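Novice: Take a look at model37.pdb, PDB, C-alpha atoms:
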```
ATOM      1  CA  MET D  78     -20.086-244.192  60.091
ATOM      2  CA  ILE D  79     -21.450-246.802  62.496
ATOM      3  CA  VAL D  80     -19.348-249.426  60.693
ATOM      4  CA  VAL D  81     -16.116-248.237  62.344
ATOM      5  CA  PRO D  82     -17.154-248.730  66.005
ATOM      6  CA  VAL D  83     -18.813-252.047  65.137
ATOM      7  CA  LEU D  84     -15.627-253.328  63.487
ATOM      8  CA  THR D  85     -13.541-252.054  66.400
ATOM      9  CA  ALA D  86     -15.788-253.865  68.891
ATOM     10  CA  GLY D  87     -15.536-257.059  66.845
ATOM     11  CA  VAL D  88     -11.739-256.939  66.777
ATOM     12  CA  THR D  89     -11.613-256.221  70.508
ATOM     13  CA  LEU D  90     -13.820-259.184  71.323
ATOM     14  CA  ARG D  91     -11.791-261.485  69.096
ATOM     15  CA  LEU D  92      -8.566-260.378  70.806
ATOM     16  CA  ASN D  93     -10.251-260.968  74.173
ATOM     17  CA  TYR D  94     -10.706-264.593  73.093
ATOM     18  CA  SER D  95      -6.983-265.131  72.521
ATOM     19  CA  GLY D  96      -4.445-266.541  74.936
ATOM     20  CA  ASP D  97      -4.168-269.585  77.180
ATOM     21  CA  PRO D  98      -6.592-269.894  80.132
ATOM     22  CA  GLY D  99      -3.909-271.815  82.011
ATOM     23  CA  ASP D 100      -4.058-273.951  85.123
ATOM     24  CA  GLY D 101      -6.618-273.400  87.845
ATOM     25  CA  THR D 102      -9.446-272.470  85.485
ATOM     26  CA  ARG D 103     -11.559-275.604  85.542
ATOM     27  CA  THR D 104     -14.516-276.830  87.585
ATOM     28  CA  ARG D 105     -14.721-276.215  91.326
ATOM     29  CA  GLY D 106     -17.566-278.710  91.712
ATOM     30  CA  ARG D 107     -20.169-275.910  91.906
ATOM     31  CA  ASP D 108     -21.832-276.226  88.494
ATOM     32  CA  ALA D 109     -25.577-276.287  87.856
ATOM     33  CA  ILE D 110     -28.038-277.312  85.167
ATOM     34  CA  TRP D 111     -31.525-276.096  84.318
ATOM     35  CA  LEU D 112     -33.950-279.036  84.011
ATOM     36  CA  GLY D 113     -37.314-278.941  82.266
ATOM     37  CA  HIS D 114     -40.787-279.422  83.698
ATOM     38  CA  ALA D 115     -40.928-283.077  82.683
ATOM     39  CA  TRP D 116     -39.034-283.957  85.871
ATOM     40  CA  VAL D 117     -41.944-282.937  88.112
ATOM     41  CA  ASP D 118     -45.073-283.483  86.005
ATOM     42  CA  GLY D 119     -44.911-287.259  85.552
ATOM     43  CA  ARG D 120     -43.110-287.624  82.215
ATOM     44  CA  LYS D 121     -39.816-288.719  83.798
ATOM     45  CA  ASP D 122     -39.258-291.908  85.778
ATOM     46  CA  ASP D 123     -36.546-293.892  87.544
ATOM     47  CA  ALA D 124     -34.950-294.982  84.283
ATOM     48  CA  ASP D 125     -34.626-291.365  83.176
ATOM     49  CA  LEU D 126     -33.011-290.421  86.469
ATOM     50  CA  ALA D 127     -30.573-293.329  86.222
ATOM     51  CA  ALA D 128     -29.562-292.173  82.736
ATOM     52  CA  PHE D 129     -29.171-288.614  83.985
ATOM     53  CA  ALA D 130     -27.022-289.784  86.899
ATOM     54  CA  THR D 131     -24.722-291.539  84.433
ATOM     55  CA  ARG D 132     -24.652-288.409  82.272
ATOM     56  CA  ILE D 133     -23.405-286.134  85.067
ATOM     57  CA  GLU D 134     -21.084-288.641  86.757
ATOM     58  CA  GLY D 135     -17.591-287.186  87.060
ATOM     59  CA  THR D 136     -18.715-283.628  86.307
ATOM     60  CA  GLY D 137     -18.840-280.638  88.624
ATOM     61  CA  ILE D 138     -22.642-280.441  88.730
ATOM     62  CA  LYS D 139     -23.886-279.683  92.236
ATOM     63  CA  ASP D 140     -27.266-277.975  91.736
ATOM     64  CA  LEU D 141     -30.330-278.898  89.692
ATOM     65  CA  TYR D 142     -32.682-276.023  88.815
ATOM     66  CA  VAL D 143     -35.893-277.955  88.168
ATOM     67  CA  HIS D 144     -38.739-276.056  86.523
ATOM     68  CA  ALA D 145     -41.656-276.150  88.966
ATOM     69  CA  GLY D 146     -43.540-273.047  87.823
ATOM     70  CA  PRO D 147     -44.427-270.832  86.186
ATOM     71  CA  LEU D 148     -45.814-268.447  88.750
ATOM     72  CA  GLU D 149     -49.183-266.907  88.150
ATOM     73  CA  HIS D 150     -49.108-263.199  87.308
ATOM     74  CA  ASP D 151     -50.212-262.440  90.888
ATOM     75  CA  GLY D 152     -47.171-264.279  92.282
ATOM     76  CA  THR D 153     -48.983-267.415  93.435
ATOM     77  CA  LEU D 154     -47.986-270.973  92.526
ATOM     78  CA  PRO D 155     -50.656-273.666  92.071
ATOM     79  CA  ALA D 156     -49.556-276.832  93.872
ATOM     80  CA  GLY D 157     -50.713-278.877  90.903
ATOM     81  CA  ARG D 158     -47.774-277.575  88.863
ATOM     82  CA  TYR D 159     -45.320-280.070  90.412
ATOM     83  CA  PRO D 160     -47.216-283.309  91.252
ATOM     84  CA  ARG D 161     -44.107-285.551  91.059
ATOM     85  CA  ALA D 162     -41.789-283.347  93.096
ATOM     86  CA  LYS D 163     -41.644-285.744  96.036
ATOM     87  CA  TRP D 164     -40.606-288.620  93.773
ATOM     88  CA  LEU D 165     -37.833-286.532  92.247
ATOM     89  CA  LEU D 166     -36.546-285.178  95.552
ATOM     90  CA  ASP D 167     -36.501-288.592  97.204
ATOM     91  CA  ALA D 168     -34.892-290.245  94.186
ATOM     92  CA  VAL D 169     -32.172-287.607  93.743
ATOM     93  CA  HIS D 170     -31.275-287.541  97.426
ATOM     94  CA  ARG D 171     -31.136-291.338  97.417
ATOM     95  CA  THR D 172     -29.189-291.923  94.214
ATOM     96  CA  LEU D 173     -27.193-288.702  93.888
ATOM     97  CA  PRO D 174     -25.998-287.825  97.398
ATOM     98  CA  GLY D 175     -24.694-284.289  97.699
ATOM     99  CA  ILE D 176     -26.713-282.992  94.752
ATOM    100  CA  ARG D 177     -29.150-280.188  95.608
ATOM    101  CA  VAL D 178     -32.550-279.762  93.943
ATOM    102  CA  GLN D 179     -33.805-276.212  93.628
ATOM    103  CA  ALA D 180     -37.228-275.254  92.301
ATOM    104  CA  TRP D 181     -36.919-273.062  89.217
ATOM    105  CA  LEU D 182     -39.713-270.475  89.313
ATOM    106  CA  GLY D 183     -40.253-267.758  86.765
ATOM    107  CA  ASP D 184     -42.727-265.487  85.091
ATOM    108  CA  VAL D 185     -42.921-262.720  82.547
ATOM    109  CA  LEU D 186     -42.695-259.299  84.152
ATOM    110  CA  ALA D 187     -44.990-256.488  83.073
ATOM    111  CA  THR D 188     -42.038-254.199  82.364
ATOM    112  CA  GLU D 189     -42.369-254.018  78.593
ATOM    113  CA  GLY D 190     -46.012-254.950  78.051
ATOM    114  CA  PRO D 191     -49.416-254.885  79.726
ATOM    115  CA  ASP D 192     -49.397-258.481  81.000
ATOM    116  CA  GLY D 193     -47.229-260.169  83.584
ATOM    117  CA  LEU D 194     -46.095-260.095  87.190
ATOM    118  CA  ARG D 195     -45.904-256.596  88.668
ATOM    119  CA  LEU D 196     -43.143-256.368  91.263
ATOM    120  CA  GLU D 197     -44.114-252.790  92.142
ATOM    121  CA  ARG D 198     -47.198-254.244  93.877
ATOM    122  CA  ALA D 199     -46.463-255.212  97.465
ATOM    123  CA  ALA D 200     -49.160-257.901  97.325
ATOM    124  CA  SER D 201     -47.410-259.555  94.374
ATOM    125  CA  ARG D 202     -44.064-259.618  96.172
ATOM    126  CA  THR D 203     -45.721-261.070  99.270
ATOM    127  CA  ALA D 204     -47.283-263.779  97.121
ATOM    128  CA  VAL D 205     -43.924-264.646  95.544
ATOM    129  CA  VAL D 206     -42.409-265.093  99.008
ATOM    130  CA  ALA D 207     -45.356-267.310  99.964
ATOM    131  CA  SER D 208     -44.743-269.375  96.812
ATOM    132  CA  ALA D 209     -41.108-269.813  97.818
ATOM    133  CA  ARG D 210     -42.212-270.932 101.275
ATOM    134  CA  GLN D 211     -44.605-273.391  99.630
ATOM    135  CA  ILE D 212     -41.736-274.829  97.575
ATOM    136  CA  LEU D 213     -39.474-275.219 100.592
ATOM    137  CA  ASP D 214     -42.331-276.923 102.469
ATOM    138  CA  ALA D 215     -42.490-279.396  99.575
ATOM    139  CA  GLY D 216     -38.890-280.395 100.318
ATOM    140  CA  PHE D 217     -36.818-278.534  97.741
ATOM    141  CA  ASP D 218     -33.304-277.572  98.821
ATOM    142  CA  GLY D 219     -33.710-274.052  97.493
ATOM    143  CA  VAL D 220     -35.484-271.802  95.059
ATOM    144  CA  HIS D 221     -34.165-270.386  91.786
ATOM    145  CA  PHE D 222     -35.869-267.358  90.229
ATOM    146  CA  ASP D 223     -35.855-266.307  86.585
ATOM    147  CA  LEU D 224     -37.996-263.196  86.152
ATOM    148  CA  GLU D 225     -37.771-261.456  82.776
ATOM    149  CA  PRO D 226     -37.494-258.856  81.338
ATOM    150  CA  LEU D 227     -36.024-257.349  84.501
ATOM    151  CA  HIS D 228     -34.762-253.812  84.101
ATOM    152  CA  SER D 229     -31.545-252.612  85.668
ATOM    153  CA  GLY D 230     -31.999-250.751  88.942
ATOM    154  CA  ASP D 231     -35.383-252.274  89.822
ATOM    155  CA  ARG D 232     -35.643-251.493  93.533
ATOM    156  CA  HIS D 233     -38.756-253.652  93.910
ATOM    157  CA  TYR D 234     -36.754-256.683  92.787
ATOM    158  CA  LEU D 235     -34.067-255.903  95.353
ATOM    159  CA  SER D 236     -36.749-255.611  98.027
ATOM    160  CA  LEU D 237     -38.151-258.985  96.966
ATOM    161  CA  LEU D 238     -34.703-260.567  97.204
ATOM    162  CA  ASP D 239     -34.284-259.182 100.718
ATOM    163  CA  ASP D 240     -37.539-260.840 101.771
ATOM    164  CA  LEU D 241     -36.700-264.099  99.999
ATOM    165  CA  GLY D 242     -33.255-264.147 101.577
ATOM    166  CA  ALA D 243     -34.753-263.805 105.042
ATOM    167  CA  LEU D 244     -36.958-266.827 104.313
ATOM    168  CA  THR D 245     -34.293-269.074 102.798
ATOM    169  CA  GLY D 246     -31.712-268.064 105.385
ATOM    170  CA  ALA D 247     -34.032-269.022 108.229
ATOM    171  CA  ARG D 248     -34.750-272.358 106.545
ATOM    172  CA  GLY D 249     -31.134-273.174 105.668
ATOM    173  CA  ALA D 250     -32.082-273.251 101.988
ATOM    174  CA  ARG D 251     -30.458-271.797  98.870
ATOM    175  CA  LEU D 252     -31.592-268.685  97.046
ATOM    176  CA  SER D 253     -30.407-268.342  93.471
ATOM    177  CA  VAL D 254     -31.322-266.211  90.487
ATOM    178  CA  ALA D 255     -30.801-266.112  86.744
ATOM    179  CA  ALA D 256     -29.220-262.780  85.843
ATOM    180  CA  HIS D 257     -29.134-260.608  82.765
ATOM    181  CA  GLN D 258     -25.789-259.852  81.163
ATOM    182  CA  ILE D 259     -23.813-256.792  82.277
ATOM    183  CA  ASP D 260     -23.390-253.608  80.223
ATOM    184  CA  PRO D 261     -20.487-254.359  77.859
ATOM    185  CA  LEU D 262     -20.092-250.567  77.532
ATOM    186  CA  PRO D 263     -21.056-247.963  80.150
ATOM    187  CA  ALA D 264     -24.818-247.315  80.273
ATOM    188  CA  ALA D 265     -25.502-249.649  77.350
ATOM    189  CA  HIS D 266     -28.774-250.753  78.957
ATOM    190  CA  SER D 267     -30.007-247.167  79.035
ATOM    191  CA  VAL D 268     -29.088-246.509  75.414
ATOM    192  CA  ILE D 269     -30.675-249.713  74.119
ATOM    193  CA  GLY D 270     -33.733-249.116  76.283
ATOM    194  CA  ALA D 271     -34.193-245.614  74.908
ATOM    195  CA  LEU D 272     -33.830-246.789  71.321
ATOM    196  CA  SER D 273     -35.856-250.008  71.442
ATOM    197  CA  GLY D 274     -37.922-249.874  74.609
ATOM    198  CA  SER D 275     -36.301-253.129  75.765
ATOM    199  CA  GLU D 276     -33.268-253.216  78.037
ATOM    200  CA  LYS D 277     -30.930-256.126  77.351
ATOM    201  CA  TRP D 278     -28.298-255.593  80.035
ATOM    202  CA  TRP D 279     -27.935-254.637  83.688
ATOM    203  CA  SER D 280     -25.481-252.090  84.966
ATOM    204  CA  GLN D 281     -22.499-253.632  86.729
ATOM    205  CA  LYS D 282     -23.578-251.814  89.898
ATOM    206  CA  PHE D 283     -27.044-253.386  89.825
ATOM    207  CA  PHE D 284     -25.566-256.829  89.124
ATOM    208  CA  GLY D 285     -23.472-256.448  92.268
ATOM    209  CA  GLN D 286     -26.502-255.359  94.282
ATOM    210  CA  VAL D 287     -28.338-258.513  93.218
ATOM    211  CA  ALA D 288     -25.322-260.761  93.808
ATOM    212  CA  ARG D 289     -24.969-259.519  97.390
ATOM    213  CA  ARG D 290     -28.518-260.663  98.169
ATOM    214  CA  VAL D 291     -28.353-264.280  96.938
ATOM    215  CA  ASP D 292     -26.407-267.480  97.442
ATOM    216  CA  GLN D 293     -25.962-268.071  93.708
ATOM    217  CA  ILE D 294     -26.197-265.895  90.629
ATOM    218  CA  ALA D 295     -26.212-267.502  87.179
ATOM    219  CA  VAL D 296     -25.484-265.211  84.238
ATOM    220  CA  MET D 297     -27.561-265.960  81.146
ATOM    221  CA  SER D 298     -24.457-265.527  78.976
ATOM    222  CA  TYR D 299     -26.098-266.591  75.708
ATOM    223  CA  ASP D 300     -28.483-264.899  73.273
ATOM    224  CA  THR D 301     -25.721-262.331  72.812
ATOM    225  CA  TRP D 302     -26.318-261.293  69.166
ATOM    226  CA  MET D 303     -22.696-262.304  68.412
ATOM    227  CA  PRO D 304     -22.376-263.601  64.810
ATOM    228  CA  LEU D 305     -19.000-265.361  65.113
ATOM    229  CA  GLU D 306     -17.637-267.918  67.549
ATOM    230  CA  GLY D 307     -14.510-265.904  68.365
ATOM    231  CA  MET D 308     -16.570-262.807  69.108
ATOM    232  CA  PHE D 309     -18.943-264.809  71.311
ATOM    233  CA  GLY D 310     -16.073-266.344  73.260
ATOM    234  CA  GLY D 311     -14.493-262.935  73.755
ATOM    235  CA  TYR D 312     -17.831-261.533  74.879
ATOM    236  CA  VAL D 313     -18.215-264.317  77.467
ATOM    237  CA  ALA D 314     -14.676-263.658  78.713
ATOM    238  CA  HIS D 315     -15.576-259.994  79.165
ATOM    239  CA  GLN D 316     -18.869-260.830  80.902
ATOM    240  CA  THR D 317     -17.052-263.215  83.235
ATOM    241  CA  ALA D 318     -14.574-260.519  84.222
ATOM    242  CA  LEU D 319     -17.298-257.908  84.773
ATOM    243  CA  ALA D 320     -19.319-260.302  86.951
ATOM    244  CA  LEU D 321     -16.290-261.410  88.984
ATOM    245  CA  GLU D 322     -15.437-257.812  89.808
ATOM    246  CA  VAL D 323     -18.697-257.218  91.696
ATOM    247  CA  THR D 324     -19.781-260.644  92.981
ATOM    248  CA  PRO D 325     -18.981-261.179  96.683
ATOM    249  CA  LYS D 326     -16.618-264.010  97.562
ATOM    250  CA  ASP D 327     -19.374-265.782  99.500
ATOM    251  CA  THR D 328     -21.772-265.877  96.520
ATOM    252  CA  ASP D 329     -21.540-268.591  93.866
ATOM    253  CA  LEU D 330     -21.076-267.002  90.428
ATOM    254  CA  LEU D 331     -22.096-269.254  87.530
ATOM    255  CA  MET D 332     -21.677-268.470  83.832
ATOM    256  CA  GLY D 333     -24.379-269.913  81.574
ATOM    257  CA  LEU D 334     -23.493-272.363  78.796
ATOM    258  CA  PRO D 335     -25.767-272.627  75.706
ATOM    259  CA  PHE D 336     -26.980-276.238  75.733
ATOM    260  CA  PHE D 337     -29.611-275.480  73.070
ATOM    261  CA  HIS D 338     -29.731-275.180  69.294
ATOM    262  CA  GLU D 339     -31.604-272.562  67.346
ATOM    263  CA  SER D 340     -30.781-269.576  65.219
ATOM    264  CA  ASP D 341     -32.444-266.186  65.367
ATOM    265  CA  LEU D 342     -31.397-262.575  65.751
ATOM    266  CA  GLY D 343     -30.218-263.022  69.330
ATOM    267  CA  HIS D 344     -28.667-266.487  69.116
ATOM    268  CA  HIS D 345     -26.533-267.834  66.290
ATOM    269  CA  GLU D 346     -25.999-271.557  66.810
ATOM    270  CA  SER D 347     -22.747-271.582  64.850
ATOM    271  CA  ALA D 348     -21.324-268.817  67.054
ATOM    272  CA  GLU D 349     -22.704-269.548  70.508
ATOM    273  CA  THR D 350     -21.066-272.916  71.064
ATOM    274  CA  VAL D 351     -20.316-274.650  74.340
ATOM    275  CA  GLU D 352     -16.631-274.761  73.398
ATOM    276  CA  ALA D 353     -16.469-270.984  72.974
ATOM    277  CA  ALA D 354     -18.461-270.324  76.144
ATOM    278  CA  VAL D 355     -16.239-272.584  78.241
ATOM    279  CA  ARG D 356     -13.045-271.131  76.823
ATOM    280  CA  GLY D 357     -14.333-267.578  77.314
ATOM    281  CA  THR D 358     -15.316-268.381  80.888
ATOM    282  CA  ARG D 359     -11.868-269.798  81.632
ATOM    283  CA  LEU D 360     -10.129-266.811  80.067
ATOM    284  CA  GLY D 361     -12.183-264.351  82.096
ATOM    285  CA  LEU D 362     -11.604-266.325  85.288
ATOM    286  CA  GLY D 363      -7.866-266.636  84.693
ATOM    287  CA  ARG D 364      -7.410-262.934  84.022
ATOM    288  CA  THR D 365      -9.608-261.658  86.831
ATOM    289  CA  ASP D 366      -9.737-264.007  89.838
ATOM    290  CA  ARG D 367      -8.009-267.304  89.094
ATOM    291  CA  GLY D 368      -8.119-268.493  92.704
ATOM    292  CA  ARG D 369     -11.821-267.920  93.255
ATOM    293  CA  GLU D 370     -13.497-271.044  94.622
ATOM    294  CA  ARG D 371     -17.190-270.090  94.499
ATOM    295  CA  PHE D 372     -17.421-270.160  90.727
ATOM    296  CA  GLY D 373     -18.835-272.468  88.094
ATOM    297  CA  VAL D 374     -20.932-272.833  84.962
ATOM    298  CA  ALA D 375     -24.662-273.449  84.491
ATOM    299  CA  LEU D 376     -25.959-275.555  81.593
ATOM    300  CA  TYR D 377     -29.092-274.366  79.770
ATOM    301  CA  VAL D 378     -31.052-276.606  79.207
ATOM    302  CA  ASP D 379     -31.283-280.406  79.606
ATOM    303  CA  PHE D 380     -34.098-281.127  77.124
ATOM    304  CA  ALA D 381     -32.365-279.312  74.248
ATOM    305  CA  ALA D 382     -28.831-280.595  74.870
ATOM    306  CA  ARG D 383     -26.999-282.858  72.442
ATOM    307  CA  ASP D 384     -24.207-285.329  73.083
ATOM    308  CA  GLY D 385     -21.718-282.864  71.626
ATOM    309  CA  ASP D 386     -22.680-280.230  74.194
ATOM    310  CA  TRP D 387     -22.011-282.620  77.046
ATOM    311  CA  ALA D 388     -18.737-283.716  75.489
ATOM    312  CA  ALA D 389     -17.580-280.114  75.076
ATOM    313  CA  TYR D 390     -18.504-279.313  78.699
ATOM    314  CA  ARG D 391     -16.572-282.323  79.957
ATOM    315  CA  ALA D 392     -13.519-281.750  77.787
ATOM    316  CA  GLY D 393     -13.264-278.011  78.334
ATOM    317  CA  TRP D 394     -14.261-277.551  81.937
ATOM    318  CA  ASN D 395     -13.998-280.776  83.960
TER
END
```
Starting from the file, lay out its structure as structure tokens.
Specialist:
Amino acid sequence: MIVVPVLTAGVTLRLNYSGDPGDGTRTRGRDAIWLGHAWVDGRKDDADLAAFATRIEGTGIKDLYVHAGPLEHDGTLPAGRYPRAKWLLDAVHRTLPGIRVQAWLGDVLATEGPDGLRLERAASRTAVVASARQILDAGFDGVHFDLEPLHSGDRHYLSLLDDLGALTGARGARLSVAAHQIDPLPAAHSVIGALSGSEKWWSQKFFGQVARRVDQIAVMSYDTWMPLEGMFGGYVAHQTALALEVTPKDTDLLMGLPFFHESDLGHHESAETVEAAVRGTRLGLGRTDRGRERFGVALYVDFAARDGDWAAYRAGWN
């Protein structure tokens, strides 16, 4: 009889996608975009940056998460991973005043397999902090971490964020993280974890604990398994509301937009559209905290984006 709850959930999500977002639910000028490694390894040049500057002109993009990793499994970061960082930083600060460049660092965690970064090891966490210091010494305006799969309630991750926050706070830099989605139903992460061995979501409580430790938290609100656009939009609206409820007013909350195109079990291209994500984000914002200023969207990812994605972002959000 599993069909009944599935159909009920589908109807609920579709209803959550209805209505008018209304005024006051557009960009606050705090948006971000994830940029690929080509920006720091020599494949991009001044002409590419000029084209990118034209692309984002008139939008709310404030932060660039530029891939400068990945980290090694011991938490270290070889300096050779980002040989053109100085060119990029100088060029962005010169041609795009007010735009911040954060180093996007990530790694696979050894939470669901034998290989990867082990946050339970104090030496690994110390190395990650040293890597962040290394990035700030290179001139980046902040550091953005995407560590996956990260299980809900991981106290070692919270400890790492405390140490990273002490570093970035002392340096006047930004600390941001990519976050898993929040349990759409109570304890969903525990149930899925018990059945599959892989947790998809975080508890709302854990999301709030992470959000209180960072300057920005960007929800990876894609790869949702939703098969229809209306269901996806309703799901994003629900995720937006859940995140708003526990994110402090002094933390930037960003909802991820799917600027990529592929179809698999987790992501259906026809369903997970930029239009639906933007509309869902606006609906969740309007219903939950319309006046919130520290809010935006994050675009994933520049090298997979199409003109239609940019057009939908501009038309729906800016």
Novice: Could you write out as JSON, numbers by chain the residues that the PyMOL selection byres ((chain D and resi 180) around 10) matches in the shown file?
Specialist: {"D": [111, 112, 117, 141, 142, 143, 144, 145, 146, 159, 162, 178, 179, 181, 182, 183, 209, 212, 213, 215, 216, 217, 218, 219, 220, 221, 222, 252, 253]}
Novice: Check which residues satisfy the PyMOL selection byres ((chain D and resi 337) around 9) in the file shown, then give them as a VMD selection string.
Specialist: chain D and resid 334 to 336 338 to 339 346 377 to 383 386
Novice: How far is it from atom CA of Arg171 of chain D to atom CA of Arg132 of chain D, in Å with one decimal?
Specialist: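 Separation between atom CA of Arg171 of chain D and atom CA of Arg132 of chain D: 16.7 Å.
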Novice: So which one's closest to Val313 of chain D, D:Ala288, D:Ala354, D:Leu376, D:Met297? Using all atoms listed in the file, please.
Specialist: D:Ala354
Novice: Enumerate, as a count of residues only, the residues matched when the PyMOL selection byres ((chain D and resi 390) around 9) is run on the file above.
Specialist: 16
Novice: To one decimal place in Å, what is the distance between atom CA of Gly343 of chain D and atom CA of Ala255 of chain D?
Specialist: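 Between atom CA of Gly343 of chain D and atom CA of Ala255 of chain D the gap is 17.7 Å.
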Novice: With a distance cut-off of 12 Å and only C-alpha atoms, select the neighbouring residues of Lys139 of chain D, excluding the residue or stretch itself and same-chain residues fewer than 3 positions from it, and output the selection as a VMD selection string.
Specialist: chain D and resid 104 to 111 130 133 to 136 142 169 to 170 173 to 179 218 293 329 331 371 to 376
Novice: Which residue is closest to Trp302 of chain D? Choose from D:Gly361, D:Gly152, D:Gly190, D:Ala348 and count only C-alpha atoms.
Specialist: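 Residue with the minimum atom-to-atom distance to Trp302 of chain D: D:Ala348.
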Novice: Contacts of segment 321-326 of chain D at 10 Å or less, counting only C-alpha atoms, minus same-chain residues fewer than 4 places along, as a list in words?
Specialist: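 Counting only the stated atoms, we get Gln281, Lys282, Phe283, Phe284, Gly285, Gln286, Val287, Ala288, Arg289, Arg290, Val291, Asp292, Gln293, Ile294, His315, Gln316, Thr317, Leu330, Leu331, Gly361, Leu362, Thr365, Asp366, Arg369, Glu370, Arg371 and Phe372 of chain D.
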Novice: Can segment 326-337 of chain D be brought up to N, CA, C and O atoms and written out as a CSV table (one decimal), in the frame of the given file?
Specialist:
```csv
chain,number,residue,atom,x,y,z
D,326,LYS,N,-17.3,-262.7,97.5
D,326,LYS,CA,-16.6,-264.0,97.6
D,326,LYS,C,-17.5,-265.1,98.1
D,326,LYS,O,-17.2,-266.3,97.8
D,327,ASP,N,-18.5,-264.7,98.9
D,327,ASP,CA,-19.4,-265.8,99.5
D,327,ASP,C,-20.6,-266.1,98.7
D,327,ASP,O,-21.5,-266.7,99.1
D,328,THR,N,-20.7,-265.6,97.4
D,328,THR,CA,-21.8,-265.9,96.5
D,328,THR,C,-21.2,-266.7,95.4
D,328,THR,O,-20.2,-266.4,94.8
D,329,ASP,N,-21.9,-267.8,95.0
D,329,ASP,CA,-21.5,-268.6,93.9
D,329,ASP,C,-21.9,-267.8,92.6
D,329,ASP,O,-23.0,-267.4,92.4
D,330,LEU,N,-20.9,-267.6,91.7
D,330,LEU,CA,-21.1,-267.0,90.4
D,330,LEU,C,-21.0,-268.1,89.4
D,330,LEU,O,-20.0,-268.8,89.3
D,331,LEU,N,-22.0,-268.2,88.6
D,331,LEU,CA,-22.1,-269.3,87.5
D,331,LEU,C,-22.3,-268.6,86.2
D,331,LEU,O,-23.1,-267.7,86.0
D,332,MET,N,-21.5,-269.0,85.2
D,332,MET,CA,-21.7,-268.5,83.8
D,332,MET,C,-22.5,-269.5,83.0
D,332,MET,O,-22.1,-270.7,83.0
D,333,GLY,N,-23.5,-269.0,82.3
D,333,GLY,CA,-24.4,-269.9,81.6
D,333,GLY,C,-23.7,-270.4,80.3
D,333,GLY,O,-23.0,-269.7,79.6
D,334,LEU,N,-24.0,-271.7,80.0
D,334,LEU,CA,-23.5,-272.4,78.8
D,334,LEU,C,-24.7,-272.7,77.9
D,334,LEU,O,-25.7,-273.2,78.4
D,335,PRO,N,-24.6,-272.4,76.6
D,335,PRO,CA,-25.8,-272.6,75.7
D,335,PRO,C,-25.9,-274.1,75.3
D,335,PRO,O,-25.4,-274.5,74.2
D,336,PHE,N,-26.7,-274.8,76.1
D,336,PHE,CA,-27.0,-276.2,75.7
D,336,PHE,C,-28.3,-276.3,74.9
D,336,PHE,O,-29.2,-277.0,75.2
D,337,PHE,N,-28.4,-275.5,73.9
D,337,PHE,CA,-29.6,-275.5,73.1
D,337,PHE,C,-29.2,-275.1,71.7
D,337,PHE,O,-28.1,-274.5,71.4
```
